[in-house]
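Visitor: Quick one, entry.txt (compact mmCIF, C-alpha atoms):
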```txt
# COMPACT_ATOMS: atom_id res chain seq x y z
CA MET A 1 42.40 -39.91 -3.56
CA SER A 2 45.29 -40.44 -1.13
CA GLY A 3 46.61 -43.89 -0.32
CA ARG A 4 45.49 -43.48 3.28
CA ARG A 5 41.94 -42.60 2.30
CA ALA A 6 41.74 -45.44 -0.21
CA ALA A 7 42.91 -47.99 2.35
CA LEU A 8 40.48 -46.74 4.97
CA LEU A 9 37.53 -46.72 2.58
CA ALA A 10 38.21 -50.21 1.31
CA LEU A 11 38.61 -51.78 4.74
CA ALA A 12 35.80 -49.76 6.28
CA GLY A 13 33.53 -50.94 3.49
CA LEU A 14 34.29 -54.56 4.29
CA ALA A 15 33.75 -53.95 7.99
CA LEU A 16 30.43 -52.23 7.38
CA ALA A 17 29.36 -54.99 5.05
CA ALA A 18 30.06 -57.48 7.81
CA GLY A 19 28.07 -55.41 10.26
CA PHE A 20 24.95 -55.43 8.08
CA VAL A 21 25.01 -59.19 7.59
CA ASP A 22 23.21 -61.62 9.86
CA PRO A 23 25.77 -63.20 12.23
CA ALA A 24 24.79 -66.61 10.90
CA ALA A 25 25.64 -65.50 7.37
CA ALA A 26 29.41 -65.50 7.77
CA HIS A 27 30.54 -68.56 5.88
CA GLY A 28 26.85 -68.89 5.07
CA VAL A 29 25.14 -70.18 1.97
CA ALA A 30 22.59 -68.21 -0.04
CA GLU A 31 18.99 -69.40 0.08
CA GLY A 32 19.01 -70.46 -3.56
CA ASP A 33 22.19 -72.43 -3.03
CA LYS A 34 20.73 -74.03 0.09
CA ALA A 35 17.70 -75.17 -1.89
CA PHE A 36 19.92 -76.67 -4.57
CA ILE A 37 22.06 -78.60 -2.09
CA GLN A 38 19.06 -79.94 -0.20
CA ASN A 39 16.95 -80.82 -3.25
CA ASN A 40 19.63 -82.38 -5.46
CA PRO A 41 21.20 -85.44 -3.81
CA GLY A 42 23.79 -87.38 -5.72
CA VAL A 43 26.86 -86.30 -7.63
CA ASN A 44 26.78 -82.64 -8.80
CA ILE A 45 30.36 -81.80 -9.70
CA VAL A 46 29.99 -78.56 -11.70
CA PRO A 47 27.40 -76.95 -9.38
CA TYR A 48 29.55 -77.69 -6.33
CA ILE A 49 32.62 -76.22 -8.02
CA TYR A 50 30.57 -73.07 -8.67
CA LEU A 51 29.32 -72.94 -5.07
CA GLY A 52 32.87 -73.31 -3.72
CA ALA A 53 34.24 -70.56 -5.97
CA LYS A 54 31.33 -68.28 -5.10
CA HIS A 55 31.90 -68.82 -1.40
CA MET A 56 35.54 -67.80 -1.55
CA VAL A 57 35.07 -64.78 -3.82
CA THR A 58 32.26 -63.40 -1.63
CA GLY A 59 33.79 -64.43 1.72
CA TYR A 60 34.81 -61.11 3.26
CA ASP A 61 36.48 -62.82 6.23
CA HIS A 62 38.69 -64.86 3.90
CA LEU A 63 39.52 -61.79 1.85
CA LEU A 64 40.45 -59.72 4.89
CA PHE A 65 42.72 -62.46 6.20
CA LEU A 66 44.40 -62.98 2.82
CA PHE A 67 44.88 -59.22 2.50
CA GLY A 68 46.71 -59.26 5.82
CA VAL A 69 48.76 -62.32 4.90
CA ILE A 70 50.14 -60.87 1.67
CA PHE A 71 50.48 -57.29 2.94
CA PHE A 72 54.28 -57.49 3.22
CA LEU A 73 54.89 -60.30 0.71
CA TYR A 74 56.55 -58.96 -2.41
CA ARG A 75 57.81 -62.14 -4.09
CA LEU A 76 55.39 -64.53 -5.78
CA LYS A 77 57.35 -67.40 -4.26
CA ASP A 78 56.52 -66.18 -0.76
CA VAL A 79 52.90 -65.49 -1.66
CA GLY A 80 52.61 -69.01 -3.04
CA ALA A 81 54.10 -70.56 0.10
CA TYR A 82 51.74 -68.80 2.49
CA VAL A 83 48.65 -69.26 0.35
CA THR A 84 49.46 -72.96 -0.06
CA LEU A 85 49.61 -73.36 3.72
CA PHE A 86 46.28 -71.57 4.08
CA ALA A 87 44.74 -73.74 1.36
CA LEU A 88 46.10 -76.90 3.00
CA GLY A 89 44.57 -75.99 6.34
CA HIS A 90 41.31 -74.83 4.78
CA SER A 91 40.93 -77.97 2.65
CA THR A 92 41.76 -80.37 5.47
CA THR A 93 39.10 -79.21 7.90
CA LEU A 94 36.50 -78.57 5.22
CA LEU A 95 36.75 -82.13 3.93
CA ALA A 96 37.29 -83.85 7.28
CA GLY A 97 34.70 -81.79 9.13
CA VAL A 98 31.89 -82.70 6.75
CA PHE A 99 32.97 -86.27 5.96
CA PHE A 100 33.43 -87.26 9.63
CA ASN A 101 30.53 -85.06 10.76
CA ILE A 102 32.64 -83.17 13.33
CA HIS A 103 30.43 -80.58 15.02
CA ALA A 104 31.24 -77.25 16.68
CA ASN A 105 29.30 -74.07 17.33
CA PRO A 106 29.50 -72.03 14.09
CA PHE A 107 29.37 -68.71 15.94
CA LEU A 108 32.45 -69.57 17.99
CA ILE A 109 34.35 -70.85 14.95
CA ASP A 110 33.50 -67.69 13.01
CA ALA A 111 34.55 -65.58 16.01
CA ILE A 112 37.97 -67.27 15.87
CA ILE A 113 38.08 -66.50 12.14
CA GLY A 114 37.47 -62.85 13.02
CA LEU A 115 40.33 -63.07 15.49
CA SER A 116 42.55 -64.41 12.70
CA VAL A 117 42.11 -61.05 10.98
CA VAL A 118 42.98 -59.22 14.20
CA TYR A 119 46.03 -61.46 14.65
CA LYS A 120 47.33 -60.76 11.16
CA ALA A 121 46.91 -57.01 11.57
CA LEU A 122 48.86 -57.09 14.85
CA ASP A 123 51.50 -59.27 13.22
CA ASN A 124 51.90 -56.78 10.36
CA LEU A 125 52.32 -54.00 12.91
CA GLY A 126 55.10 -55.95 14.70
CA ALA A 127 53.15 -55.92 17.94
CA PHE A 128 53.75 -59.43 19.29
CA PRO A 129 57.35 -59.05 20.57
CA THR A 130 56.07 -56.21 22.73
CA LEU A 131 52.74 -57.80 23.71
CA ILE A 132 53.84 -61.38 24.44
CA GLY A 133 57.64 -61.22 24.33
CA PHE A 134 58.24 -63.21 21.13
CA GLN A 135 57.31 -63.40 17.46
CA PRO A 136 55.01 -66.33 16.60
CA ASN A 137 55.93 -68.42 13.58
CA GLN A 138 54.04 -66.74 10.76
CA LYS A 139 53.69 -69.80 8.54
CA VAL A 140 52.45 -72.00 11.38
CA ALA A 141 49.91 -69.33 12.31
CA VAL A 142 48.59 -69.13 8.74
CA LEU A 143 48.21 -72.92 8.64
CA ILE A 144 46.40 -73.04 12.00
CA PHE A 145 44.00 -70.26 11.06
CA GLY A 146 43.48 -72.02 7.73
CA PHE A 147 42.12 -74.97 9.74
CA PHE A 148 39.55 -72.70 11.38
CA HIS A 149 38.55 -71.03 8.11
CA GLY A 150 37.84 -74.43 6.57
CA PHE A 151 36.02 -75.72 9.63
CA GLY A 152 33.83 -72.62 9.61
CA LEU A 153 32.37 -73.63 6.27
CA ALA A 154 32.16 -77.28 7.28
CA THR A 155 29.83 -76.36 10.15
CA LYS A 156 27.42 -74.80 7.65
CA LEU A 157 27.55 -77.58 5.07
CA GLN A 158 26.80 -80.17 7.73
CA ASP A 159 23.38 -78.60 8.21
CA LEU A 160 22.66 -78.48 4.49
CA ILE A 161 23.71 -81.86 3.13
CA ALA A 162 20.77 -84.13 3.89
CA SER A 163 22.09 -87.13 1.95
CA ARG A 164 25.57 -88.66 1.92
CA GLU A 165 24.98 -89.93 -1.60
CA GLY A 166 27.77 -88.54 -3.77
CA LEU A 167 29.29 -86.86 -0.69
CA ILE A 168 32.97 -87.41 -1.53
CA PRO A 169 32.92 -86.18 -5.18
CA ASN A 170 30.72 -83.24 -4.18
CA LEU A 171 33.04 -82.24 -1.34
CA VAL A 172 36.11 -82.55 -3.55
CA SER A 173 34.36 -80.50 -6.25
CA PHE A 174 33.39 -77.85 -3.70
CA ASN A 175 36.95 -77.66 -2.45
CA ILE A 176 38.27 -77.32 -6.00
CA GLY A 177 35.85 -74.44 -6.45
CA VAL A 178 37.09 -72.84 -3.22
CA GLU A 179 40.67 -72.97 -4.48
CA MET A 180 39.64 -71.55 -7.85
CA GLY A 181 37.80 -68.72 -6.10
CA GLN A 182 40.81 -68.11 -3.88
CA PHE A 183 43.03 -67.82 -6.94
CA ILE A 184 40.67 -65.28 -8.54
CA ALA A 185 40.29 -63.22 -5.36
CA LEU A 186 44.00 -63.33 -4.59
CA SER A 187 44.89 -62.25 -8.12
CA ILE A 188 42.69 -59.17 -7.78
CA ILE A 189 44.10 -58.37 -4.34
CA LEU A 190 47.68 -58.74 -5.60
CA ILE A 191 47.04 -56.43 -8.55
CA LEU A 192 45.54 -53.75 -6.30
CA MET A 193 48.31 -54.19 -3.72
CA SER A 194 51.00 -53.87 -6.42
CA LEU A 195 49.47 -50.62 -7.63
CA TRP A 196 49.23 -49.29 -4.08
CA ARG A 197 52.80 -50.27 -3.23
CA ARG A 198 54.07 -48.20 -6.15
CA SER A 199 52.48 -45.08 -4.74
CA PRO A 200 54.54 -42.86 -2.43
CA GLY A 201 51.89 -43.11 0.27
CA PHE A 202 52.15 -46.87 0.88
CA SER A 203 54.89 -46.80 3.52
CA ARG A 204 53.20 -43.88 5.27
CA ASN A 205 49.89 -45.72 5.53
CA VAL A 206 51.01 -49.14 6.79
CA VAL A 207 49.85 -48.39 10.33
CA VAL A 208 46.57 -46.87 9.16
CA ALA A 209 45.74 -49.79 6.86
CA ASN A 210 46.52 -52.47 9.44
CA SER A 211 44.71 -50.57 12.18
CA ALA A 212 41.64 -50.52 9.93
CA LEU A 213 42.15 -54.24 9.24
CA MET A 214 42.28 -54.92 12.97
CA CYS A 215 39.07 -52.95 13.53
CA ALA A 216 37.35 -54.98 10.81
CA GLY A 217 38.45 -58.19 12.56
CA ILE A 218 37.15 -56.92 15.89
CA VAL A 219 33.79 -56.14 14.26
CA LEU A 220 33.60 -59.65 12.82
CA THR A 221 34.54 -61.26 16.15
CA GLY A 222 32.15 -59.14 18.21
CA TYR A 223 29.28 -59.77 15.83
CA GLN A 224 29.72 -63.53 16.00
CA LEU A 225 30.04 -63.50 19.79
CA ALA A 226 26.82 -61.46 19.95
CA GLY A 227 25.14 -64.09 17.78
CA PHE A 228 26.42 -66.82 20.11
CA ALA A 229 25.05 -64.97 23.16
CA MET A 230 21.66 -64.46 21.50
CA GLU A 231 21.52 -68.14 20.54
CA LYS A 232 22.19 -69.19 24.13
CA SER A 233 19.54 -66.81 25.49
CA LEU A 234 16.75 -68.29 23.35
```
Mind converting the file's structure to structure tokens?

Guide:
Amino acid sequence: MSGRRAALLALAGLALAAGFVDPAAAHGVAEGDKAFIQNNPGVNIVPYIYLGAKHMVTGYDHLLFLFGVIFFLYRLKDVGAYVTLFALGHSTTLLAGVFFNIHANPFLIDAIIGLSVVYKALDNLGAFPTLIGFQPNQKVAVLIFGFFHGFGLATKLQDLIASREGLIPNLVSFNIGVEMGQFIALSIILILMSLWRRSPGFSRNVVVANSALMCAGIVLTGYQLAGFAMEKSL
């Protein structure tokens, strides 16, 4: 299979997966996990670590964004710097959003998360100097979008946590799980990217891969905006 076909199939699969999921499911929590959270007040460190890791590993929006972030990062030092900024942003709004009960419409937050994928694809294609006349600071952008990714999950957890008993240790445990899941997912992505970069087709398929990434982000954004419109019409 050519590098171009592999890239298209992988990203198309993620986009299609997003299209067959309920709009409310992005950053969502499985029914069994919902039942556990709602029926088990108090401190539950290990289960919350598991739930956080599961969320990150299965979060296609996170994975698409991280794929875009590391697309042109070849040194582990650079990967670590960008991922740390994303984790900082993600952790801050996840913890603060739930602890201080800061509310926002989850569809709109998830639509912005979809736009973060579109942004990163355009950034990888070098489109911003032409589109807006300058190149945005890449690290600042990753941090800002990290805030939205974390807040997206916070909007869901706010509806699930019925009791504030054990809230702080549970939130910290969940966030630890998220970072563990991010490490696992990122390791897999880096391995696959390293293999792809060694193939002669990588440089030829940069535009194709990032165009597919942008389309996936547009699908995610449009789906969430449709969910927001349907919610308002009810």

Visitor: Listing only residues of stretch 113-166 of chain A within 10 Å of stretch 90-109 of chain A, what is the closest atom pair and its distance in Å (to one decimal) for each, using all atoms listed in the file, sorted by chain and residue number ascending, as a Markdown table?

Guide:
```
| residue | atom | partner | partner_atom | distance |
| --- | --- | --- | --- | --- |
| A:Ile113 | CA | A:Ile109 | CA | 6.4 |
| A:Gly114 | CA | A:Ile109 | CA | 8.8 |
| A:Leu115 | CA | A:Ile109 | CA | 9.8 |
| A:Leu143 | CA | A:His90 | CA | 8.1 |
| A:Ile144 | CA | A:His90 | CA | 9.0 |
| A:Phe145 | CA | A:His90 | CA | 8.2 |
| A:Gly146 | CA | A:His90 | CA | 4.6 |
| A:Phe147 | CA | A:His90 | CA | 5.0 |
| A:Phe148 | CA | A:Ile109 | CA | 6.6 |
| A:His149 | CA | A:His90 | CA | 5.8 |
| A:Gly150 | CA | A:His90 | CA | 3.9 |
| A:Phe151 | CA | A:Thr93 | CA | 5.0 |
| A:Gly152 | CA | A:Ile109 | CA | 5.6 |
| A:Leu153 | CA | A:Leu94 | CA | 6.5 |
| A:Ala154 | CA | A:Leu94 | CA | 5.0 |
| A:Thr155 | CA | A:Pro106 | CA | 5.9 |
| A:Lys156 | CA | A:Pro106 | CA | 7.3 |
| A:Leu157 | CA | A:Val98 | CA | 6.9 |
| A:Gln158 | CA | A:Val98 | CA | 5.8 |
| A:Asp159 | CA | A:Val98 | CA | 9.6 |
| A:Ile161 | CA | A:Val98 | CA | 9.0 |
| A:Arg164 | CA | A:Phe99 | CA | 8.8 |
```

Visitor: Tell me, in Å to one decimal, how far atom CA of A:Tyr50 is from atom CA of A:Ala141.

Guide: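 Spanning atom CA of A:Tyr50 to atom CA of A:Ala141 is a straight-line distance of 28.8 Å.
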
Visitor: Calculate, to one decimal in Å, the centre and edge lengths of the box along x, y and z of the file that holds all listed atoms of stretch 91-103 of chain A with 3 Å of margin on each side, and present them as AutoDock Vina command-line options.

Guide:
```
--center_x 36.1 --center_y -82.6 --center_z 8.8 --size_x 17.3 --size_y 15.3 --size_z 18.4
```

Visitor: To one decimal place, how far is atom CA of A:His62 from atom CA of A:Ser163 in Å?

Guide: 27.8 Å

Visitor: Please determine, counting all atoms listed in the file, which residue among A:Tyr223, A:Phe202, A:Phe228, A:Tyr82 has the shortest atom-to-atom distance to A:Leu66.

Guide: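 Ranking A:Tyr223, A:Phe202, A:Phe228, A:Tyr82 by distance to A:Leu66, first place goes to A:Tyr82.
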
Visitor: Between A:Tyr48, A:Phe71, A:Phe65, A:Phe86, which is the closest to A:Gly166 once you count only C-alpha atoms?

Guide: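 Closest to A:Gly166 of all the choices is A:Tyr48.
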
Visitor: Could you state the separation of atom CA of A:Val46 and atom CA of A:Phe174 in Å, given to one decimal place?

Guide: 8.7 Å

Visitor: Mind running stretch 49-167 of chain A against stretch 182-197 of chain A at 7 Å and telling me each contacting residue's nearest atom pair with the distance in Å (one decimal), counting only C-alpha atoms, chain and number ascending, as JSON lines?

Guide:
```
{"residue": "A:Met56", "atom": "CA", "partner": "A:Gln182", "partner_atom": "CA", "distance": 5.8}
{"residue": "A:Val57", "atom": "CA", "partner": "A:Ala185", "partner_atom": "CA", "distance": 5.7}
{"residue": "A:Phe67", "atom": "CA", "partner": "A:Ile189", "partner_atom": "CA", "distance": 6.9}
```

Visitor: Name the closest residue to A:Leu171 among the candidates A:Ile132, A:Val118, A:Ile45, A:Ala30; distances are taken between atoms, counting all atoms listed in the file.

Guide: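 Smallest distance to A:Leu171 is found for A:Ile45.
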
Visitor: Considering only C-alpha atoms, can you say which of A:Gly52, A:Gly32, A:Gly68, A:Pro41 comes closest to A:Val117?

Guide: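 With only C-alpha atoms as the atom set, the closest residue is A:Gly68.
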
Visitor: Compare A:Val206, A:Ala111, A:Ala53, A:Met214 by their minimum atom-to-atom distance to A:Ala226, counting all atoms listed in the file, and give me the closest one.

Guide: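 Of the candidates, the smallest distance to A:Ala226 is held by A:Ala111.
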